[in-house]
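S.K.: Have a look at the structure that comes next, please.
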Amino acid sequence: MKLNIAVLPGDGIGPEIVEQALNVTKAVCEKFGHELTYETAIVGACAIDATGNPYPDATHELCMKSDAVLFGAIGSPKYDNDPSAKVRPEQGLLAMRKKLGLYANIRPVNVFPSLISRSPLRADLVENADFMCIRELTGGLYFGRPQGRSEDGNSAVDTCAYNREEIERILKLAYEYAGQRRKKLTVVDKANVLETSRLWRQIAQEMAPSYPDIETEYMFVDNAAMRIIQWPSSFDVMVTENMFGDILTDEASVITGSMGLLPSASVGLHTSVFEPIHGSYPQAAGKNIANPLATVLSAALMFEYAFGLMEEGALIRQAVAASMEAGCVTEDITVNGQTAHSTTQVGEWLVEYIKK
Ligand code: IPM
Ligand code: MN
């Protein structure tokens, strides 16, 4: 099969972790006889520095003509500490999601047995956790207008807006995933307070009878935040608004032992993007210490979701689990006094495993 991908390393640790994920991708393609072609482009702070635009047109064109996008991370302390900056790296990511129509971000949360002791939760709470968060990605608080500051600078507004079409398409996708899994969908909202949440809940109630084999559960977001740490194994698929999903998936990611482990797939109207859920971790940039596994696992999702290559995805996941069992891991996931390995050592270990 021909795989034509766009590679967007981004900022901070992005280039280092994407390099490893790309090496793994190449090794898998070689092993299974796929023809891989790829082109690299800029996004985020590095794109602002180079062009003034965090998502340059050339990057968008490359994404549009590719079969999949492998993306690292964006963000820079230069902008985080300057709330008055007019152009921000994050706008690049938001523009990419919007322009590619990526309305759903799929974030699977599962626990690697060898890492349970790294979880901040007790082993008995976390060992059976296996769920998927489906985060709406092109609406809600992130994109609603008006958004901005008053002329005197002393008041600000953000808007949470959703329409029926946006809600229906994400719920439909969530039901489809629930149907392929353990057949339970948790619709997470704040319907006791927010009008947009009441619309979500109403539409979910209208759609639920069309999926009679799936149990639909409704939960307020504050309660869901609590349940993720109290009883994570009670979830199968959860679906939620953009910002709720952003927050809940950071929470969910650490119960697995490290944030450096969670991959994601952003899917929708055009080319899908595969990206780790963590950020650009600027403190670690250039030090060869960042955990590449979330990006490597995102490459596994890419094989599966973008190309339907399930065996290839499974092999990557198997390699990742084996690297942990062999103790070839970065500092964030060492257990029992294991020696920390570098980003490149982990990547090389994975490539060797795949070649075998
Ligand atoms: C994520 C990130 C982004 C988001 C930031 C970098 C804009 O936190 O992908 O979860 O909030 O969506
Ligand atoms: Mn986030």
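The chains in the structure tokens are called A, B, ... from first to last as shown; in each chain the residues are counted from 1, and the ligands are counted from 1 in the order shown.
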Neighbours of ligand 2 within 9 Å, counting only C-alpha atoms and all ligand atoms, as a list of chain:residue names?
M.R.: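 Listed by chain and ascending number, the contacts are A:Met243, A:Gly245, A:Asp246, A:Ile247, A:Leu248, A:Thr249, A:Asp250, A:Ile277, A:His278, A:Gly279.
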S.K.: Restricting it to C-alpha atoms, dump the selection as a PDB file, in the first residue's frame.
M.R.:
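Output saved as result.pdb:
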ATOM      1  CA  MET A 243     -13.098  22.239  26.566  1.00  0.00           C
ATOM      2  CA  GLY A 245     -12.799  17.031  26.797  1.00  0.00           C
ATOM      3  CA  ASP A 246      -9.532  18.927  26.927  1.00  0.00           C
ATOM      4  CA  ILE A 247      -9.614  18.989  30.706  1.00  0.00           C
ATOM      5  CA  LEU A 248     -10.917  15.475  31.320  1.00  0.00           C
ATOM      6  CA  THR A 249      -8.374  13.864  29.003  1.00  0.00           C
ATOM      7  CA  ASP A 250      -5.423  15.446  30.804  1.00  0.00           C
ATOM      8  CA  ILE A 277      -2.294  14.602  23.804  1.00  0.00           C
ATOM      9  CA  HIS A 278       0.566  16.174  25.760  1.00  0.00           C
ATOM     10  CA  GLY A 279       2.044  19.546  24.962  1.00  0.00           C
TER      11      GLY A 279
END
S.K.: Can you write out as JSON lines which residues of chain A fall within 10 Å of ligand 1, alongside each residue's closest atom pair and its distance in Å to one decimal, counting only C-alpha atoms and all ligand atoms and ordering rows by chain and ascending residue number?
M.R.:
{"residue": "A:Gly44", "atom": "CA", "partner": "ligand 1", "partner_atom_place_in_ligand_line": "6 (C)", "distance": 9.5}
{"residue": "A:Ala73", "atom": "CA", "partner": "ligand 1", "partner_atom_place_in_ligand_line": "6 (C)", "distance": 7.4}
{"residue": "A:Ile74", "atom": "CA", "partner": "ligand 1", "partner_atom_place_in_ligand_line": "6 (C)", "distance": 6.2}
{"residue": "A:Gly75", "atom": "CA", "partner": "ligand 1", "partner_atom_place_in_ligand_line": "6 (C)", "distance": 6.5}
{"residue": "A:Ser76", "atom": "CA", "partner": "ligand 1", "partner_atom_place_in_ligand_line": "6 (C)", "distance": 10.0}
{"residue": "A:Arg88", "atom": "CA", "partner": "ligand 1", "partner_atom_place_in_ligand_line": "7 (C)", "distance": 9.7}
{"residue": "A:Pro89", "atom": "CA", "partner": "ligand 1", "partner_atom_place_in_ligand_line": "6 (C)", "distance": 8.1}
{"residue": "A:Glu90", "atom": "CA", "partner": "ligand 1", "partner_atom_place_in_ligand_line": "7 (C)", "distance": 4.6}
{"residue": "A:Gln91", "atom": "CA", "partner": "ligand 1", "partner_atom_place_in_ligand_line": "7 (C)", "distance": 7.2}
{"residue": "A:Gly92", "atom": "CA", "partner": "ligand 1", "partner_atom_place_in_ligand_line": "7 (C)", "distance": 8.5}
{"residue": "A:Leu93", "atom": "CA", "partner": "ligand 1", "partner_atom_place_in_ligand_line": "7 (C)", "distance": 6.3}
{"residue": "A:Leu94", "atom": "CA", "partner": "ligand 1", "partner_atom_place_in_ligand_line": "7 (C)", "distance": 6.6}
{"residue": "A:Arg97", "atom": "CA", "partner": "ligand 1", "partner_atom_place_in_ligand_line": "12 (O)", "distance": 9.4}
{"residue": "A:Asn105", "atom": "CA", "partner": "ligand 1", "partner_atom_place_in_ligand_line": "9 (O)", "distance": 8.7}
{"residue": "A:Arg107", "atom": "CA", "partner": "ligand 1", "partner_atom_place_in_ligand_line": "10 (O)", "distance": 9.9}
{"residue": "A:Arg135", "atom": "CA", "partner": "ligand 1", "partner_atom_place_in_ligand_line": "10 (O)", "distance": 9.5}
{"residue": "A:Leu137", "atom": "CA", "partner": "ligand 1", "partner_atom_place_in_ligand_line": "12 (O)", "distance": 7.6}
{"residue": "A:Thr138", "atom": "CA", "partner": "ligand 1", "partner_atom_place_in_ligand_line": "12 (O)", "distance": 9.6}
{"residue": "A:Tyr142", "atom": "CA", "partner": "ligand 1", "partner_atom_place_in_ligand_line": "11 (O)", "distance": 8.2}
{"residue": "A:Asn242", "atom": "CA", "partner": "ligand 1", "partner_atom_place_in_ligand_line": "12 (O)", "distance": 7.7}
{"residue": "A:Met243", "atom": "CA", "partner": "ligand 1", "partner_atom_place_in_ligand_line": "11 (O)", "distance": 7.2}
{"residue": "A:Gly245", "atom": "CA", "partner": "ligand 1", "partner_atom_place_in_ligand_line": "10 (O)", "distance": 8.1}
{"residue": "A:Asp246", "atom": "CA", "partner": "ligand 1", "partner_atom_place_in_ligand_line": "10 (O)", "distance": 5.0}
{"residue": "A:Ile247", "atom": "CA", "partner": "ligand 1", "partner_atom_place_in_ligand_line": "10 (O)", "distance": 7.7}
{"residue": "A:Leu248", "atom": "CA", "partner": "ligand 1", "partner_atom_place_in_ligand_line": "10 (O)", "distance": 9.7}
{"residue": "A:Thr249", "atom": "CA", "partner": "ligand 1", "partner_atom_place_in_ligand_line": "10 (O)", "distance": 7.6}
{"residue": "A:Asp250", "atom": "CA", "partner": "ligand 1", "partner_atom_place_in_ligand_line": "10 (O)", "distance": 7.5}
{"residue": "A:Ser264", "atom": "CA", "partner": "ligand 1", "partner_atom_place_in_ligand_line": "9 (O)", "distance": 8.8}
{"residue": "A:Ser266", "atom": "CA", "partner": "ligand 1", "partner_atom_place_in_ligand_line": "9 (O)", "distance": 9.6}
{"residue": "A:Glu275", "atom": "CA", "partner": "ligand 1", "partner_atom_place_in_ligand_line": "9 (O)", "distance": 8.0}
{"residue": "A:Pro276", "atom": "CA", "partner": "ligand 1", "partner_atom_place_in_ligand_line": "9 (O)", "distance": 7.8}
{"residue": "A:Ile277", "atom": "CA", "partner": "ligand 1", "partner_atom_place_in_ligand_line": "9 (O)", "distance": 5.3}
{"residue": "A:His278", "atom": "CA", "partner": "ligand 1", "partner_atom_place_in_ligand_line": "1 (C)", "distance": 6.7}
{"residue": "A:Gly279", "atom": "CA", "partner": "ligand 1", "partner_atom_place_in_ligand_line": "6 (C)", "distance": 6.1}
{"residue": "A:Ser280", "atom": "CA", "partner": "ligand 1", "partner_atom_place_in_ligand_line": "6 (C)", "distance": 8.1}
S.K.: Those same residues - N, CA and C atoms - I'd like them written as an mmCIF file, in the first residue's frame.
M.R.:
data_model
loop_
_atom_site.group_PDB
_atom_site.id
_atom_site.type_symbol
_atom_site.label_atom_id
_atom_site.label_comp_id
_atom_site.auth_asym_id
_atom_site.auth_seq_id
_atom_site.Cartn_x
_atom_site.Cartn_y
_atom_site.Cartn_z
ATOM 1 N N GLY A 44 2.884 26.200 14.411
ATOM 2 C CA GLY A 44 3.118 26.651 15.791
ATOM 3 C C GLY A 44 4.107 27.793 15.886
ATOM 4 N N ALA A 73 3.810 18.583 18.636
ATOM 5 C CA ALA A 73 3.224 19.452 19.662
ATOM 6 C C ALA A 73 3.535 20.894 19.306
ATOM 7 N N ILE A 74 2.740 21.806 19.851
ATOM 8 C CA ILE A 74 3.080 23.215 19.654
ATOM 9 C C ILE A 74 2.986 23.965 20.957
ATOM 10 N N GLY A 75 3.636 25.098 21.000
ATOM 11 C CA GLY A 75 3.582 25.952 22.180
ATOM 12 C C GLY A 75 4.979 26.381 22.561
ATOM 13 N N SER A 76 5.064 27.574 23.152
ATOM 14 C CA SER A 76 6.372 28.096 23.546
ATOM 15 C C SER A 76 6.190 29.035 24.725
ATOM 16 N N ARG A 88 -0.572 33.638 18.368
ATOM 17 C CA ARG A 88 -0.129 32.624 19.324
ATOM 18 C C ARG A 88 0.029 31.269 18.627
ATOM 19 N N PRO A 89 0.988 30.457 19.078
ATOM 20 C CA PRO A 89 1.197 29.146 18.448
ATOM 21 C C PRO A 89 -0.061 28.281 18.457
ATOM 22 N N GLU A 90 -0.814 28.345 19.563
ATOM 23 C CA GLU A 90 -2.021 27.509 19.683
ATOM 24 C C GLU A 90 -3.022 27.810 18.571
ATOM 25 N N GLN A 91 -3.009 29.054 18.081
ATOM 26 C CA GLN A 91 -3.924 29.395 16.988
ATOM 27 C C GLN A 91 -3.627 28.529 15.762
ATOM 28 N N GLY A 92 -2.377 28.115 15.631
ATOM 29 C CA GLY A 92 -2.001 27.258 14.507
ATOM 30 C C GLY A 92 -2.694 25.914 14.587
ATOM 31 N N LEU A 93 -2.709 25.363 15.789
ATOM 32 C CA LEU A 93 -3.357 24.061 15.985
ATOM 33 C C LEU A 93 -4.870 24.186 15.793
ATOM 34 N N LEU A 94 -5.434 25.264 16.341
ATOM 35 C CA LEU A 94 -6.880 25.453 16.198
ATOM 36 C C LEU A 94 -7.250 25.669 14.731
ATOM 37 N N ARG A 97 -7.135 22.324 12.944
ATOM 38 C CA ARG A 97 -8.316 21.508 13.238
ATOM 39 C C ARG A 97 -9.533 22.034 12.477
ATOM 40 N N ASN A 105 -11.997 14.362 18.279
ATOM 41 C CA ASN A 105 -10.682 13.952 18.765
ATOM 42 C C ASN A 105 -10.879 12.718 19.634
ATOM 43 N N ARG A 107 -9.518 9.907 22.009
ATOM 44 C CA ARG A 107 -8.419 9.698 22.942
ATOM 45 C C ARG A 107 -8.649 8.424 23.751
ATOM 46 N N ARG A 135 -13.755 13.759 22.130
ATOM 47 C CA ARG A 135 -13.840 15.188 22.417
ATOM 48 C C ARG A 135 -14.255 15.933 21.156
ATOM 49 N N LEU A 137 -14.140 18.845 18.667
ATOM 50 C CA LEU A 137 -12.877 19.560 18.497
ATOM 51 C C LEU A 137 -12.945 20.860 17.693
ATOM 52 N N THR A 138 -14.077 21.148 17.081
ATOM 53 C CA THR A 138 -14.093 22.384 16.279
ATOM 54 C C THR A 138 -15.224 23.329 16.663
ATOM 55 N N TYR A 142 -13.881 26.955 22.484
ATOM 56 C CA TYR A 142 -12.653 27.270 21.750
ATOM 57 C C TYR A 142 -12.920 28.134 20.520
ATOM 58 N N ASN A 242 -15.786 20.415 23.603
ATOM 59 C CA ASN A 242 -14.373 20.665 23.359
ATOM 60 C C ASN A 242 -13.555 20.913 24.633
ATOM 61 N N MET A 243 -13.937 21.909 25.410
ATOM 62 C CA MET A 243 -13.098 22.239 26.566
ATOM 63 C C MET A 243 -13.237 21.221 27.700
ATOM 64 N N GLY A 245 -13.621 18.150 27.258
ATOM 65 C CA GLY A 245 -12.799 17.031 26.797
ATOM 66 C C GLY A 245 -11.317 17.309 26.962
ATOM 67 N N ASP A 246 -10.931 18.550 26.736
ATOM 68 C CA ASP A 246 -9.532 18.927 26.927
ATOM 69 C C ASP A 246 -9.114 18.658 28.373
ATOM 70 N N ILE A 247 -9.950 19.099 29.279
ATOM 71 C CA ILE A 247 -9.614 18.989 30.706
ATOM 72 C C ILE A 247 -9.681 17.531 31.172
ATOM 73 N N LEU A 248 -10.756 16.852 30.834
ATOM 74 C CA LEU A 248 -10.917 15.475 31.320
ATOM 75 C C LEU A 248 -9.847 14.537 30.773
ATOM 76 N N THR A 249 -9.364 14.793 29.549
ATOM 77 C CA THR A 249 -8.374 13.864 29.003
ATOM 78 C C THR A 249 -6.983 14.083 29.608
ATOM 79 N N ASP A 250 -6.677 15.289 30.040
ATOM 80 C CA ASP A 250 -5.423 15.446 30.804
ATOM 81 C C ASP A 250 -5.528 14.658 32.104
ATOM 82 N N SER A 264 -3.657 10.305 20.265
ATOM 83 C CA SER A 264 -5.010 10.665 19.853
ATOM 84 C C SER A 264 -5.104 10.721 18.345
ATOM 85 N N SER A 266 -7.428 12.803 15.449
ATOM 86 C CA SER A 266 -8.429 13.827 15.169
ATOM 87 C C SER A 266 -8.981 13.549 13.784
ATOM 88 N N GLU A 275 -1.847 12.712 16.855
ATOM 89 C CA GLU A 275 -1.023 13.553 17.734
ATOM 90 C C GLU A 275 -1.077 13.063 19.173
ATOM 91 N N PRO A 276 0.049 13.207 19.895
ATOM 92 C CA PRO A 276 0.020 12.912 21.327
ATOM 93 C C PRO A 276 -0.857 13.942 22.016
ATOM 94 N N ILE A 277 -1.430 13.598 23.159
ATOM 95 C CA ILE A 277 -2.294 14.602 23.804
ATOM 96 C C ILE A 277 -1.487 15.585 24.650
ATOM 97 N N HIS A 278 -0.228 15.254 24.923
ATOM 98 C CA HIS A 278 0.566 16.174 25.760
ATOM 99 C C HIS A 278 1.040 17.363 24.945
ATOM 100 N N GLY A 279 1.611 18.327 25.634
ATOM 101 C CA GLY A 279 2.044 19.546 24.962
ATOM 102 C C GLY A 279 3.510 19.512 24.569
ATOM 103 N N SER A 280 4.092 20.686 24.387
ATOM 104 C CA SER A 280 5.427 20.788 23.787
ATOM 105 C C SER A 280 6.554 20.686 24.819
#
S.K.: For segment 287-308 of chain A against segment 14-22 of chain A, with a cut-off of 6 Å and counting only C-alpha atoms, what is the closest atom pair and its distance in Å to one decimal for every residue that makes the cut, ordered by chain and number, as a Markdown table?
M.R.:
| residue | atom | partner | partner_atom | distance |
| --- | --- | --- | --- | --- |
| A:Pro292 | CA | A:Ile17 | CA | 4.5 |
| A:Thr295 | CA | A:Ala21 | CA | 5.9 |
| A:Val296 | CA | A:Ala21 | CA | 4.4 |
S.K.: May I have the residues within 8 Å of Ser66 of chain A as a ChimeraX atom specification, using only C-alpha atoms and disregarding those fewer than 6 positions away in the same chain?
M.R.: /A:4-6,271
S.K.: Compare A:Asp124, A:Asp49, A:Glu352, A:Asp67 by their minimum atom-to-atom distance to Val273 of chain A, counting only C-alpha atoms, and give me the closest one.
M.R.: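 Under the stated criterion, the closest residue is A:Asp67.
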